[in-house]
Amino acid sequence: MNIKQVRAFLAVAQSMSFASAATQLHLSQPALSLSIKSLEDNLGGKLFTRTTRHITLTPEGEALVPIARRLLAQWENAEDEMKQRFALQLGKITIASMPSFAASLLPKAIRNYHASYPSIQVAIDDVLSDTVVEMVRNNQVELGITFEPNTLLDLSFYPLYEDRFIAILPNNHPLEANTEIHWEALLKYDFITLQRPSSVRTMIESTLNKAGIELNVAFDAHQLATVSRMVSEGMGVAVVPALCRQQASEQGAVCRPIIQPEIRRRVGVICHPRSHLSIAAAAMLDVLINTYA
């Protein structure tokens, strides 16, 4: 069966007239009769009993009526849903994002997206930056927001801006009066950072290693929010992405630029090639680029 045959069958079954059904479907009567005959041949028997004056449904035709109605309704619902998805009137996307970005900058882009496409649901998975890449690569999410990976392989990266790492200190710390802080001065105090594996820790260790500076870690944690809280409680100092500035300040920490050496890294959207994205995800990619890039 195909959908045209189902529509033809229902039109005849409801009107009990080939002439009326043909008019309703904008078909000639021979074309309609051929469609019904093809359906009957395909199913293996007669659906209508025809005389010179009357048309009646056979028992098999009676049985097909409710089935045909369900099929037609499901088809029309599917067609309508897909049209809505392509028109961005229906759908859902999930974005994997570094927690620091999700908590600070991402809400603005989601607000802009919702203003243009209010019927699309948006879900956020705030996970570690390394997990973002894994989730995109494994097709768990279409879009991820993270630092630029060292290797992309089959993925695409759309830069949004460059993040410069900052030092965070407890309130009333001896280095608070400095407008900029040197690494060698900072590392005289207990240092707090993320646990391995972490792209943030890897960037810190790699940068200091190239500069010939030894890193001794006093405490480490799983989330940057925890690192900021430990600093604000006076347990030590830390270096974090500038994305964390607002959260660290709200927790009572003091933020200063860190120099000699600086750490800079691009933040952007990682995804499969644009041609592989859903319409809704491609629209979100455009919103993210227009909002931050």
# chains A, B, ... in the order shown; residues from 1 in each chain; ligands from 1

$ residues_around --residues "Ile213 in chain A" --least-positions-apart "2" --cutoff "12 Å" --atoms "only C-alpha atoms" --output "list of chain:residue names"
A:His182, A:Trp183, A:Glu184, A:Ala185, A:Leu186, A:Leu187, A:Lys188, A:Ile204, A:Glu205, A:Ser206, A:Thr207, A:Leu208, A:Asn209, A:Lys210, A:Ala211, A:Leu215, A:Asn216, A:Gln260, A:Pro261

$ residues_around --residues "Val267 in chain A" --least-positions-apart "2" --cutoff "6 Å" --atoms "only C-alpha atoms" --output "list in words"
Thr146, Phe147, Glu148, Pro159, Leu160, Tyr161 and Glu162 of chain A

$ atom_distance --atom1 "CA of Leu288 in chain A" --atom2 "CA of Asp80 in chain A"
28.4 Å

$ residues_around --residues "Asp220 in chain A" --least-positions-apart "2" --cutoff "12 Å" --atoms "only C-alpha atoms" --output "compact mmCIF listing (two decimals) with C-alpha atoms, in the first residue's frame"
# COMPACT_ATOMS: atom_id res chain seq x y z
CA ASP A 190 49.56 26.86 48.37
CA PHE A 191 48.26 26.23 44.86
CA ILE A 192 44.81 24.77 44.12
CA THR A 193 43.82 23.39 40.72
CA LEU A 194 41.71 20.78 38.96
CA GLN A 195 42.34 17.07 39.18
CA ARG A 196 43.77 15.14 36.24
CA PRO A 197 42.62 14.59 33.56
CA SER A 198 41.59 18.18 32.96
CA VAL A 200 42.66 23.43 32.36
CA ARG A 201 45.30 21.65 34.43
CA ASN A 216 53.62 22.11 43.23
CA VAL A 217 49.95 21.43 43.89
CA ALA A 218 48.65 21.59 47.46
CA HIS A 222 36.96 18.07 40.30
CA GLN A 223 35.12 21.34 39.49
CA LEU A 224 36.30 24.93 39.03
CA ALA A 225 33.48 26.08 41.32
CA THR A 226 35.03 23.99 44.10
CA VAL A 227 38.46 25.46 43.38
CA SER A 228 37.03 28.98 43.68
CA ARG A 229 35.29 28.12 46.93
CA MET A 230 38.50 26.67 48.41
CA VAL A 231 40.35 29.88 47.47
CA MET A 235 43.04 27.51 51.57
CA GLY A 236 45.34 28.81 48.83
CA VAL A 237 45.51 30.50 45.42
CA ALA A 238 44.54 29.31 41.95
CA VAL A 239 44.66 30.13 38.25

$ atom_distance --atom1 "CA of Ala103 in chain A" --atom2 "CA of Gly252 in chain A"
16.9 Å

$ closest_residue --among "A:Ile55, A:Leu169, A:Leu10, A:Asn138" --to "Ser35 in chain A" --atoms "only C-alpha atoms"
A:Leu10

$ residues_around --residues "range 18-22 of chain A" --least-positions-apart "4" --cutoff "12 Å" --atoms "only C-alpha atoms" --output "compact mmCIF listing (two decimals) with N, CA, C and O atoms, in the first residue's frame"
# COMPACT_ATOMS: atom_id res chain seq x y z
N ARG A 7 -5.62 6.97 0.62
CA ARG A 7 -6.52 8.13 0.51
C ARG A 7 -7.65 7.83 -0.48
O ARG A 7 -8.82 8.18 -0.24
N ALA A 8 -7.30 7.19 -1.59
CA ALA A 8 -8.33 6.85 -2.58
C ALA A 8 -9.35 5.89 -1.99
O ALA A 8 -10.57 6.06 -2.17
N PHE A 9 -8.90 4.86 -1.30
CA PHE A 9 -9.80 3.89 -0.70
C PHE A 9 -10.76 4.56 0.28
O PHE A 9 -11.97 4.33 0.26
N LEU A 10 -10.23 5.41 1.18
CA LEU A 10 -11.08 6.07 2.17
C LEU A 10 -12.08 7.01 1.51
O LEU A 10 -13.23 7.11 1.96
N ALA A 11 -11.64 7.71 0.48
CA ALA A 11 -12.57 8.64 -0.20
C ALA A 11 -13.76 7.87 -0.79
O ALA A 11 -14.91 8.31 -0.68
N VAL A 12 -13.50 6.72 -1.42
CA VAL A 12 -14.59 5.92 -1.98
C VAL A 12 -15.43 5.31 -0.87
O VAL A 12 -16.67 5.30 -0.93
N ALA A 13 -14.78 4.79 0.18
CA ALA A 13 -15.49 4.15 1.28
C ALA A 13 -16.40 5.13 2.01
O ALA A 13 -17.48 4.75 2.49
N GLN A 14 -16.00 6.39 2.11
CA GLN A 14 -16.80 7.37 2.82
C GLN A 14 -17.95 7.92 1.97
O GLN A 14 -19.04 8.18 2.47
N HIS A 26 -9.45 15.27 -6.86
CA HIS A 26 -8.97 15.93 -8.08
C HIS A 26 -8.32 14.93 -9.02
O HIS A 26 -7.24 15.16 -9.58
N LEU A 27 -9.00 13.77 -9.17
CA LEU A 27 -8.54 12.72 -10.08
C LEU A 27 -9.62 12.43 -11.11
O LEU A 27 -10.80 12.70 -10.89
N SER A 28 -9.23 11.87 -12.23
CA SER A 28 -10.23 11.35 -13.17
C SER A 28 -10.74 10.03 -12.60
O SER A 28 -10.04 9.34 -11.84
N GLN A 29 -11.98 9.65 -13.02
CA GLN A 29 -12.52 8.37 -12.52
C GLN A 29 -11.67 7.18 -12.96
O GLN A 29 -11.45 6.26 -12.16
N PRO A 30 -11.15 7.14 -14.20
CA PRO A 30 -10.28 6.01 -14.57
C PRO A 30 -9.04 5.91 -13.69
O PRO A 30 -8.62 4.83 -13.31
N ALA A 31 -8.44 7.08 -13.35
CA ALA A 31 -7.25 7.07 -12.50
C ALA A 31 -7.59 6.57 -11.10
O ALA A 31 -6.81 5.80 -10.50
N LEU A 32 -8.76 6.97 -10.60
CA LEU A 32 -9.18 6.51 -9.27
C LEU A 32 -9.45 5.01 -9.29
O LEU A 32 -9.03 4.28 -8.39
N SER A 33 -10.15 4.54 -10.31
CA SER A 33 -10.44 3.10 -10.42
C SER A 33 -9.15 2.29 -10.51
O SER A 33 -9.03 1.21 -9.90
N LEU A 34 -8.15 2.80 -11.24
CA LEU A 34 -6.88 2.11 -11.36
C LEU A 34 -6.16 2.04 -10.02
O LEU A 34 -5.56 1.02 -9.67
N SER A 35 -6.24 3.12 -9.22
CA SER A 35 -5.61 3.15 -7.91
C SER A 35 -6.24 2.12 -6.99
O SER A 35 -5.54 1.38 -6.28
N ILE A 36 -7.58 2.02 -7.01
CA ILE A 36 -8.28 1.04 -6.16
C ILE A 36 -7.94 -0.38 -6.62
O ILE A 36 -7.68 -1.27 -5.80
N PHE A 48 -14.33 -3.66 -2.59
CA PHE A 48 -15.67 -3.15 -2.90
C PHE A 48 -16.41 -4.17 -3.76
O PHE A 48 -15.82 -4.86 -4.59
N ARG A 50 -19.28 -4.04 -6.56
CA ARG A 50 -19.86 -3.01 -7.43
C ARG A 50 -20.96 -3.61 -8.30
O ARG A 50 -20.77 -4.70 -8.87
N ARG A 53 -25.63 0.05 -10.02
CA ARG A 53 -26.22 1.16 -9.26
C ARG A 53 -25.56 1.40 -7.91
O ARG A 53 -25.67 2.50 -7.37
N HIS A 54 -24.95 0.41 -7.34
CA HIS A 54 -24.48 0.55 -5.96
C HIS A 54 -23.03 0.09 -5.80
O HIS A 54 -22.55 -0.75 -6.56
N ILE A 55 -22.41 0.64 -4.76
CA ILE A 55 -21.08 0.20 -4.33
C ILE A 55 -21.20 -0.14 -2.84
O ILE A 55 -21.76 0.65 -2.06
N THR A 56 -20.71 -1.28 -2.44
CA THR A 56 -20.67 -1.65 -1.02
C THR A 56 -19.28 -2.17 -0.68
O THR A 56 -18.55 -2.66 -1.55

$ select_by_dssp --residues "range 20-107 of chain A" --states "alpha helix (DSSP H)" --output "PyMOL selection string"
chain A and resi 20-25+29-43+59-86+99-104+106-107

$ write_last_selection --atoms "C-alpha atoms" --output "tab-separated table (two decimals), in the first residue's frame"
chain	number	residue	atom	x	y	z
A	20	SER	CA	-17.66	11.96	-5.75
A	21	ALA	CA	-14.35	10.50	-4.58
A	22	ALA	CA	-12.66	11.42	-7.87
A	23	THR	CA	-13.87	15.01	-7.55
A	24	GLN	CA	-12.71	15.19	-3.93
A	25	LEU	CA	-9.23	13.91	-4.83
A	29	GLN	CA	-12.52	8.37	-12.52
A	30	PRO	CA	-10.28	6.01	-14.57
A	31	ALA	CA	-7.25	7.07	-12.50
A	32	LEU	CA	-9.18	6.51	-9.27
A	33	SER	CA	-10.44	3.10	-10.42
A	34	LEU	CA	-6.88	2.11	-11.36
A	35	SER	CA	-5.61	3.15	-7.91
A	36	ILE	CA	-8.28	1.04	-6.16
A	37	LYS	CA	-7.60	-1.94	-8.47
A	38	SER	CA	-3.85	-1.70	-7.74
A	39	LEU	CA	-4.57	-1.66	-4.02
A	40	GLU	CA	-6.86	-4.69	-4.31
A	41	ASP	CA	-4.30	-6.56	-6.41
A	42	ASN	CA	-1.59	-5.76	-3.90
A	43	LEU	CA	-3.66	-6.93	-0.92
A	59	PRO	CA	-16.01	-7.60	4.78
A	60	GLU	CA	-12.32	-7.13	4.07
A	61	GLY	CA	-13.01	-3.56	2.96
A	62	GLU	CA	-14.93	-2.93	6.20
A	63	ALA	CA	-11.94	-4.22	8.15
A	64	LEU	CA	-9.57	-1.95	6.25
A	65	VAL	CA	-11.49	1.28	6.96
A	66	PRO	CA	-10.35	1.83	10.60
A	67	ILE	CA	-6.82	0.68	9.72
A	68	ALA	CA	-6.68	3.11	6.78
A	69	ARG	CA	-7.93	5.95	8.99
A	70	ARG	CA	-5.18	5.29	11.54
A	71	LEU	CA	-2.53	5.05	8.81
A	72	LEU	CA	-3.67	8.30	7.23
A	73	ALA	CA	-3.77	10.10	10.60
A	74	GLN	CA	-0.27	8.85	11.47
A	75	TRP	CA	1.04	9.87	8.07
A	76	GLU	CA	-0.45	13.35	8.33
A	77	ASN	CA	0.88	13.73	11.89
A	78	ALA	CA	4.36	12.67	10.76
A	79	GLU	CA	4.24	15.04	7.80
A	80	ASP	CA	3.08	17.90	10.02
A	81	GLU	CA	5.77	17.20	12.63
A	82	MET	CA	8.54	17.18	10.05
A	83	LYS	CA	7.29	20.42	8.49
A	84	GLN	CA	7.30	22.01	11.95
A	85	ARG	CA	10.83	20.78	12.60
A	86	PHE	CA	12.11	22.21	9.31
A	99	PRO	CA	30.26	24.62	33.62
A	100	SER	CA	32.05	27.99	33.73
A	101	PHE	CA	30.58	28.97	30.33
A	102	ALA	CA	27.18	27.46	31.11
A	103	ALA	CA	26.92	29.46	34.32
A	104	SER	CA	28.15	32.79	32.96
A	106	LEU	CA	25.50	30.68	27.79
A	107	PRO	CA	22.19	32.00	29.22

$ select_by_dssp --residues "range 13-166 of chain A" --states "strand (DSSP E or B)" --output "number ranges by chain"
A: 48-50, 55-57, 91-97, 120-126, 143-147, 156-164, 166

$ residues_around --residues "Ala109 in chain A" --least-positions-apart "4" --cutoff "7 Å" --atoms "only C-alpha atoms" --output "VMD selection string"
chain A and resid 113 287 to 288 291

$ write_last_selection --atoms "N, CA and C atoms" --output "PDB file, in the first residue's frame"
ATOM      1  N   TYR A 113      18.195  32.794  21.409  1.00  0.00           N
ATOM      2  CA  TYR A 113      17.653  31.696  20.606  1.00  0.00           C
ATOM      3  C   TYR A 113      16.160  31.524  20.872  1.00  0.00           C
ATOM      4  N   VAL A 287      23.303  31.443  16.306  1.00  0.00           N
ATOM      5  CA  VAL A 287      23.033  32.351  17.425  1.00  0.00           C
ATOM      6  C   VAL A 287      24.268  32.490  18.299  1.00  0.00           C
ATOM      7  N   LEU A 288      24.945  31.386  18.592  1.00  0.00           N
ATOM      8  CA  LEU A 288      26.149  31.433  19.425  1.00  0.00           C
ATOM      9  C   LEU A 288      27.228  32.284  18.771  1.00  0.00           C
ATOM     10  N   THR A 291      26.247  35.940  18.836  1.00  0.00           N
ATOM     11  CA  THR A 291      26.199  36.507  20.198  1.00  0.00           C
ATOM     12  C   THR A 291      27.591  36.800  20.734  1.00  0.00           C
TER      13      THR A 291
END

$ closest_residue --among "A:Asn171, A:Ser199, A:Asn112, A:Thr49" --to "Tyr292 in chain A" --atoms "only C-alpha atoms"
A:Asn112
